[in-house]
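Heads up, the thing below is written out as structure tokens.
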Amino acid sequence: MKRYIKLLLILPIIEILSIGEICAADIVAVEATEVSETVEVLKAAAPSVETAASPIVPLDTVWVLLAAMLVFFMQPGFALVEAGFTRSKNTANIIMKNFVDFMLGTVLFWFVGFGIMFGDGDFMGVPNLFSLDFYPDSNVPMEAFLVFQTVFCATSATIVSGAMAERTKFYMYMIYSILISAIVYPVSGHWTWGGGWLSQLSLLGYDGGFHDFAGSTVVHSVGGWLALVGASSVHGVCGFTGTLLVGLFSTTDGLFYGGGIGLLAVQAVGALTVGAWALLCGFVIFKGLDKIKGLRVTPRIEEEGLDIYEHGETAYN
């Protein structure tokens with residue numbers, strides 16, 4: 001009887017323990033299954049290492065932005081040097097021109113010029129109107145590349161302001177600065193830096209294309225030729241000469257290093273073509289503006305100073 005009572009007491013305990021072990025085993029099995037399924041789902045959803053890898057190099061990005069900042073500081077540099085070379089009665093005018101052409105050029109180059117310069121096409125790219133989707137990231141983000149190219153565009157437009165200082169109407173300057181930033185500079189820039197026909201030009205056994213690493217033609221020569229049309233040439237002679245010297249002193253294909261005359265011929269064609277483009281555009285723009293409203297201020301304003309007449313104030317008392 002006692003054994004029977006003990007057995008009745010022990011059996012529920014054994015059953016509870018057995019059920020507990022079974023439940024614990026089931027829970028572990030379920031959790032393991034859920035974890036396994038979750039891992040598989042994550043593996044399927046996550047991209048592979050190859051597709052997730054980004055081409056952007058942080059150090060390259062920092063360097064491009066640093067270089068863009070240095071080129072941007074050419075803008076206040078231009079303002080100071082032009083203010084120093086002009087008479088005090090025109091100081092506020094020339095500083096304002098340097099400020100406005102960068103302000104307008106930045107927006108317009110982003111709006112239309114960047115697409116013309118780097119979009120698909122041979123003569124010119126397709127405008128993309130504030131969109132950068134057409135231009136993929138390289139070793140630097142597309143936004144960093146846009147900033148870098150924008151400061152060069154502003155430099156090209158600013159060159160003209162110094163050559164035509166002390167006698168050009170301010171609002172006329174704004175109009176031709178817009179046209180330079182949105183059309184003239186991007187089109188010739190596309191030929192060289194945007195994959196256009198000059199970058200693929202082959203002549204006399206040389207097939208490496210036109211070279212302009214730092215903008216001797218794309219920036220300085222364009223601004224110089226435009227300035228020549230509007231009077232005097234600033235940057236044009238140096239930009240043209242620097243472009244030709246590549247064909248002489250290139251250590252791989254230069255004439256002086258046994259590379260033959262091919263690269264020199266390509267450089268000459270590129271420099272002359274871009275120069276002709278800038279001269280033609282400059283003539284059309286300046287002549288058109290002169291016929292419409294007059295490009296130059298009146299002799300009285302030129303004699304007494306543009307600051308007070310164009311801006312209502314003077315830089316110096």
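In the structure tokens, chains take letters A, B, ... by order of appearance, with residues numbered from 1 within each chain and ligands from 1 in the order shown.
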Skip Thr158 (chain A) itself and residues of its chain fewer than 6 positions away, then list as JSON, numbers by chain all residues within 12 Å of it, counting only C-alpha atoms.
-> {"A": [72, 74, 75, 76, 77, 78, 79, 81, 82, 94, 95, 96, 97, 98, 99, 100, 101, 102, 103, 104, 105, 151, 152, 164, 165, 173, 174, 176, 177, 178, 180, 181, 185, 219, 220, 222, 223, 224, 226, 227, 234, 235]}
Residue subset to file, keeping N, CA and C atoms, as a CSV table (one decimal), in the first residue's frame:
```csv
chain,number,residue,atom,x,y,z
A,72,PHE,N,38.4,77.6,-55.6
A,72,PHE,CA,37.4,78.6,-55.3
A,72,PHE,C,38.0,79.9,-54.7
A,74,MET,N,40.5,81.2,-55.7
A,74,MET,CA,40.9,82.1,-56.8
A,74,MET,C,39.9,83.2,-57.0
A,75,GLN,N,38.7,83.0,-56.7
A,75,GLN,CA,37.6,84.0,-56.9
A,75,GLN,C,37.9,85.2,-56.1
A,76,PRO,N,38.1,85.1,-54.8
A,76,PRO,CA,38.4,86.4,-54.0
A,76,PRO,C,39.8,86.9,-54.4
A,77,GLY,N,40.7,86.0,-54.9
A,77,GLY,CA,42.0,86.4,-55.4
A,77,GLY,C,41.8,87.3,-56.6
A,78,PHE,N,41.0,86.9,-57.5
A,78,PHE,CA,40.7,87.7,-58.7
A,78,PHE,C,40.1,89.0,-58.3
A,79,ALA,N,39.2,89.0,-57.4
A,79,ALA,CA,38.5,90.2,-56.9
A,79,ALA,C,39.6,91.2,-56.4
A,81,VAL,N,43.0,91.2,-56.9
A,81,VAL,CA,44.0,91.7,-57.9
A,81,VAL,C,43.3,92.6,-58.9
A,82,GLU,N,42.1,92.4,-59.3
A,82,GLU,CA,41.4,93.3,-60.2
A,82,GLU,C,41.1,94.6,-59.5
A,94,ILE,N,34.0,96.1,-59.7
A,94,ILE,CA,34.7,94.9,-60.1
A,94,ILE,C,34.6,93.8,-59.0
A,95,ILE,N,34.5,94.2,-57.7
A,95,ILE,CA,34.3,93.2,-56.7
A,95,ILE,C,32.9,92.6,-56.8
A,96,MET,N,31.9,93.4,-57.1
A,96,MET,CA,30.6,92.9,-57.3
A,96,MET,C,30.5,92.0,-58.5
A,97,LYS,N,31.2,92.2,-59.5
A,97,LYS,CA,31.2,91.4,-60.7
A,97,LYS,C,31.7,90.0,-60.3
A,98,ASN,N,32.8,90.0,-59.6
A,98,ASN,CA,33.4,88.7,-59.2
A,98,ASN,C,32.5,87.9,-58.3
A,99,PHE,N,31.7,88.6,-57.5
A,99,PHE,CA,30.7,87.9,-56.6
A,99,PHE,C,29.6,87.4,-57.4
A,100,VAL,N,29.0,88.2,-58.3
A,100,VAL,CA,27.8,87.8,-59.0
A,100,VAL,C,28.1,86.7,-60.0
A,101,ASP,N,29.2,86.7,-60.7
A,101,ASP,CA,29.4,85.7,-61.7
A,101,ASP,C,29.6,84.3,-61.1
A,102,PHE,N,30.1,84.3,-59.9
A,102,PHE,CA,30.2,83.0,-59.2
A,102,PHE,C,28.8,82.5,-58.7
A,103,MET,N,28.0,83.5,-58.2
A,103,MET,CA,26.7,83.2,-57.7
A,103,MET,C,25.8,82.7,-58.8
A,104,LEU,N,25.8,83.3,-59.9
A,104,LEU,CA,25.0,82.9,-61.0
A,104,LEU,C,25.5,81.7,-61.7
A,105,GLY,N,26.9,81.7,-61.9
A,105,GLY,CA,27.5,80.5,-62.6
A,105,GLY,C,27.3,79.2,-61.8
A,151,VAL,N,33.8,75.3,-59.8
A,151,VAL,CA,34.7,76.4,-59.5
A,151,VAL,C,35.6,76.7,-60.7
A,152,PHE,N,35.9,75.7,-61.5
A,152,PHE,CA,36.6,76.0,-62.8
A,152,PHE,C,35.8,76.8,-63.7
A,164,MET,N,37.6,93.3,-69.1
A,164,MET,CA,36.6,94.4,-69.5
A,164,MET,C,36.2,95.3,-68.3
A,165,ALA,N,37.1,95.4,-67.4
A,165,ALA,CA,36.9,96.2,-66.2
A,165,ALA,C,36.8,97.7,-66.6
A,173,TYR,N,27.1,92.7,-68.1
A,173,TYR,CA,28.1,91.7,-67.6
A,173,TYR,C,27.4,90.5,-67.1
A,174,MET,N,26.4,90.6,-66.3
A,174,MET,CA,25.6,89.5,-65.8
A,174,MET,C,25.1,88.6,-66.9
A,176,TYR,N,26.2,88.2,-70.1
A,176,TYR,CA,27.2,87.4,-70.8
A,176,TYR,C,27.9,86.4,-69.9
A,177,SER,N,28.0,86.7,-68.6
A,177,SER,CA,28.5,85.7,-67.6
A,177,SER,C,27.6,84.5,-67.5
A,178,ILE,N,26.3,84.7,-67.6
A,178,ILE,CA,25.3,83.6,-67.6
A,178,ILE,C,25.6,82.7,-68.9
A,180,ILE,N,28.2,82.4,-70.7
A,180,ILE,CA,29.5,81.7,-70.7
A,180,ILE,C,29.4,80.5,-69.8
A,181,SER,N,28.8,80.6,-68.6
A,181,SER,CA,28.7,79.5,-67.7
A,181,SER,C,27.8,78.4,-68.1
A,185,TYR,N,31.4,77.8,-72.1
A,185,TYR,CA,32.4,76.9,-71.4
A,185,TYR,C,32.0,75.5,-71.4
A,219,VAL,N,39.9,76.3,-69.6
A,219,VAL,CA,39.5,77.4,-68.7
A,219,VAL,C,40.2,78.7,-69.1
A,220,HIS,N,41.5,78.7,-69.1
A,220,HIS,CA,42.2,80.0,-69.3
A,220,HIS,C,42.1,80.5,-70.7
A,222,VAL,N,39.9,79.8,-73.1
A,222,VAL,CA,38.5,80.2,-73.4
A,222,VAL,C,38.2,81.6,-72.8
A,223,GLY,N,38.6,81.8,-71.5
A,223,GLY,CA,38.4,83.1,-70.9
A,223,GLY,C,39.2,84.2,-71.6
A,224,GLY,N,40.4,83.8,-72.0
A,224,GLY,CA,41.3,84.8,-72.7
A,224,GLY,C,40.8,85.2,-74.1
A,226,LEU,N,37.6,85.1,-75.1
A,226,LEU,CA,36.4,85.9,-74.9
A,226,LEU,C,36.8,87.3,-74.5
A,227,ALA,N,37.8,87.4,-73.6
A,227,ALA,CA,38.3,88.7,-73.2
A,227,ALA,C,38.9,89.5,-74.3
A,234,VAL,N,43.5,88.5,-71.7
A,234,VAL,CA,44.1,88.1,-70.4
A,234,VAL,C,44.0,86.5,-70.3
A,235,HIS,N,45.1,85.9,-70.0
A,235,HIS,CA,45.2,84.4,-69.8
A,235,HIS,C,45.2,83.7,-71.2
```
Region 207-275 of chain A near region 281-285 of chain A within 8 Å: what's each residue's closest atom pair and its distance in Å to one decimal, counting only C-alpha atoms, ordered by chain then ascending residue number, as a Markdown table?
```
| residue | atom | partner | partner_atom | distance |
| --- | --- | --- | --- | --- |
| A:Trp225 | CA | A:Gly282 | CA | 7.8 |
| A:Leu226 | CA | A:Gly282 | CA | 5.1 |
| A:Val229 | CA | A:Gly282 | CA | 6.0 |
| A:Gly230 | CA | A:Gly282 | CA | 7.3 |
```
Which residues come within 9 Å of Phe134 (chain A), counting only C-alpha atoms, excluding same-chain residues fewer than 2 positions away, as an MDAnalysis selection string?
-> chainID A and resid 115 118:120 128 131:132 136
Using DSSP on the backbone coordinates, identify all residues within region 116-293 of chain A classified as helix (DSSP H, G or I); present the result as a PyMOL selection string.
-> chain A and resi 116-118+142-163+170-192+197-200+216-230+236-249+255-257+262-292
Okay, now the selection with C-alpha atoms, as an mmCIF file, in the first residue's frame?
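Written output follows (again.cif):
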```cif
data_model
loop_
_atom_site.group_PDB
_atom_site.id
_atom_site.type_symbol
_atom_site.label_atom_id
_atom_site.label_comp_id
_atom_site.auth_asym_id
_atom_site.auth_seq_id
_atom_site.Cartn_x
_atom_site.Cartn_y
_atom_site.Cartn_z
ATOM 1 C CA ILE A 116 26.161 69.766 -71.519
ATOM 2 C CA MET A 117 29.751 69.215 -70.430
ATOM 3 C CA PHE A 118 29.582 65.616 -69.198
ATOM 4 C CA MET A 142 29.347 62.830 -58.199
ATOM 5 C CA GLU A 143 28.506 65.759 -55.898
ATOM 6 C CA ALA A 144 32.193 66.316 -55.117
ATOM 7 C CA PHE A 145 33.012 66.172 -58.826
ATOM 8 C CA LEU A 146 30.270 68.744 -59.533
ATOM 9 C CA VAL A 147 31.732 71.140 -56.965
ATOM 10 C CA PHE A 148 35.209 70.702 -58.458
ATOM 11 C CA GLN A 149 33.979 71.444 -61.994
ATOM 12 C CA THR A 150 31.821 74.371 -60.872
ATOM 13 C CA VAL A 151 34.733 76.359 -59.463
ATOM 14 C CA PHE A 152 36.600 75.970 -62.770
ATOM 15 C CA CYS A 153 33.563 77.228 -64.674
ATOM 16 C CA ALA A 154 33.399 80.300 -62.454
ATOM 17 C CA THR A 155 37.094 80.948 -63.043
ATOM 18 C CA SER A 156 36.610 80.985 -66.811
ATOM 19 C CA ALA A 157 33.834 83.573 -66.528
ATOM 20 C CA THR A 158 35.777 85.717 -64.053
ATOM 21 C CA ILE A 159 38.732 86.058 -66.421
ATOM 22 C CA VAL A 160 36.522 88.121 -68.722
ATOM 23 C CA SER A 161 35.530 90.529 -65.944
ATOM 24 C CA GLY A 162 39.108 91.666 -65.405
ATOM 25 C CA ALA A 163 39.747 92.235 -69.102
ATOM 26 C CA PHE A 170 26.968 95.734 -64.855
ATOM 27 C CA TYR A 171 23.724 94.100 -66.002
ATOM 28 C CA MET A 172 25.263 93.376 -69.408
ATOM 29 C CA TYR A 173 28.132 91.680 -67.635
ATOM 30 C CA MET A 174 25.626 89.523 -65.773
ATOM 31 C CA ILE A 175 24.019 88.405 -69.054
ATOM 32 C CA TYR A 176 27.215 87.366 -70.794
ATOM 33 C CA SER A 177 28.503 85.724 -67.612
ATOM 34 C CA ILE A 178 25.349 83.576 -67.620
ATOM 35 C CA LEU A 179 25.871 82.599 -71.261
ATOM 36 C CA ILE A 180 29.531 81.727 -70.671
ATOM 37 C CA SER A 181 28.730 79.526 -67.653
ATOM 38 C CA ALA A 182 25.725 77.791 -69.202
ATOM 39 C CA ILE A 183 26.800 77.297 -72.833
ATOM 40 C CA VAL A 184 30.202 78.534 -74.039
ATOM 41 C CA TYR A 185 32.415 76.936 -71.400
ATOM 42 C CA PRO A 186 30.474 73.635 -71.073
ATOM 43 C CA VAL A 187 30.448 72.948 -74.838
ATOM 44 C CA SER A 188 34.200 73.365 -75.338
ATOM 45 C CA GLY A 189 34.767 71.613 -72.003
ATOM 46 C CA HIS A 190 32.746 68.655 -73.280
ATOM 47 C CA TRP A 191 35.082 68.303 -76.263
ATOM 48 C CA THR A 192 38.037 67.787 -73.937
ATOM 49 C CA TRP A 197 35.648 64.516 -80.157
ATOM 50 C CA LEU A 198 38.841 66.328 -79.108
ATOM 51 C CA SER A 199 39.537 63.796 -76.363
ATOM 52 C CA GLN A 200 39.518 61.082 -79.060
ATOM 53 C CA SER A 216 45.171 75.656 -69.863
ATOM 54 C CA THR A 217 42.812 75.670 -72.863
ATOM 55 C CA VAL A 218 39.457 74.655 -71.336
ATOM 56 C CA VAL A 219 39.513 77.401 -68.684
ATOM 57 C CA HIS A 220 42.185 80.009 -69.306
ATOM 58 C CA SER A 221 42.296 80.088 -73.092
ATOM 59 C CA VAL A 222 38.503 80.197 -73.362
ATOM 60 C CA GLY A 223 38.353 83.113 -70.937
ATOM 61 C CA GLY A 224 41.271 84.793 -72.700
ATOM 62 C CA TRP A 225 39.752 84.585 -76.198
ATOM 63 C CA LEU A 226 36.431 85.890 -74.898
ATOM 64 C CA ALA A 227 38.270 88.698 -73.170
ATOM 65 C CA LEU A 228 40.098 89.516 -76.412
ATOM 66 C CA VAL A 229 36.784 90.040 -78.196
ATOM 67 C CA GLY A 230 35.479 92.209 -75.375
ATOM 68 C CA GLY A 236 44.694 83.673 -73.546
ATOM 69 C CA VAL A 237 48.323 83.787 -74.655
ATOM 70 C CA CYS A 238 49.571 81.800 -71.671
ATOM 71 C CA GLY A 239 46.771 79.252 -71.964
ATOM 72 C CA PHE A 240 47.403 78.735 -75.686
ATOM 73 C CA THR A 241 51.173 78.458 -75.209
ATOM 74 C CA GLY A 242 50.882 76.063 -72.294
ATOM 75 C CA THR A 243 48.677 73.772 -74.376
ATOM 76 C CA LEU A 244 51.204 73.621 -77.221
ATOM 77 C CA LEU A 245 54.107 72.943 -74.877
ATOM 78 C CA VAL A 246 52.521 69.630 -73.897
ATOM 79 C CA GLY A 247 53.214 68.465 -77.432
ATOM 80 C CA LEU A 248 56.866 69.399 -77.012
ATOM 81 C CA PHE A 249 57.693 68.340 -73.462
ATOM 82 C CA LEU A 255 58.457 65.953 -79.833
ATOM 83 C CA PHE A 256 61.526 66.663 -77.680
ATOM 84 C CA TYR A 257 61.353 63.151 -76.199
ATOM 85 C CA GLY A 262 51.509 63.739 -83.621
ATOM 86 C CA LEU A 263 50.753 64.999 -80.102
ATOM 87 C CA LEU A 264 51.903 68.515 -81.012
ATOM 88 C CA ALA A 265 49.523 68.501 -83.989
ATOM 89 C CA VAL A 266 46.628 67.317 -81.824
ATOM 90 C CA GLN A 267 47.374 69.997 -79.218
ATOM 91 C CA ALA A 268 47.519 72.686 -81.904
ATOM 92 C CA VAL A 269 44.213 71.588 -83.445
ATOM 93 C CA GLY A 270 42.555 71.498 -80.036
ATOM 94 C CA ALA A 271 43.844 74.900 -78.960
ATOM 95 C CA LEU A 272 42.901 76.528 -82.270
ATOM 96 C CA THR A 273 39.461 74.913 -82.370
ATOM 97 C CA VAL A 274 38.558 75.916 -78.823
ATOM 98 C CA GLY A 275 39.952 79.388 -79.517
ATOM 99 C CA ALA A 276 37.794 79.710 -82.645
ATOM 100 C CA TRP A 277 34.734 78.562 -80.684
ATOM 101 C CA ALA A 278 35.355 81.129 -77.940
ATOM 102 C CA LEU A 279 36.015 83.917 -80.455
ATOM 103 C CA LEU A 280 32.836 83.147 -82.378
ATOM 104 C CA CYS A 281 30.692 82.941 -79.249
ATOM 105 C CA GLY A 282 32.263 86.076 -77.831
ATOM 106 C CA PHE A 283 31.599 88.022 -81.002
ATOM 107 C CA VAL A 284 27.964 86.908 -81.167
ATOM 108 C CA ILE A 285 27.331 87.596 -77.472
ATOM 109 C CA PHE A 286 29.097 90.941 -77.181
ATOM 110 C CA LYS A 287 27.934 92.277 -80.537
ATOM 111 C CA GLY A 288 24.385 91.184 -79.801
ATOM 112 C CA LEU A 289 24.339 92.811 -76.374
ATOM 113 C CA ASP A 290 25.898 95.958 -77.773
ATOM 114 C CA LYS A 291 23.225 96.211 -80.452
ATOM 115 C CA ILE A 292 20.372 95.490 -78.051
#
```
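Here CA of Gly195 (chain A) and CA of Met124 (chain A) stand 9.5 Å from one another.
Proximity to Val71 (chain A) was assessed for A:Val107, A:Ala214, A:Ala92, A:Ile56 counting only C-alpha atoms; the smallest distance is recorded for A:Ala214.
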Residue neighbourhood Pro299 (chain A), 12 Å, only C-alpha atoms, exclusion window fewer than 5 positions, as a PyMOL selection string | chain A and resi 166-169+304-306
Tell me, in Å to one decimal, how far CA of Leu65 (chain A) is from CA of Asp122 (chain A).
-> 28.5 Å
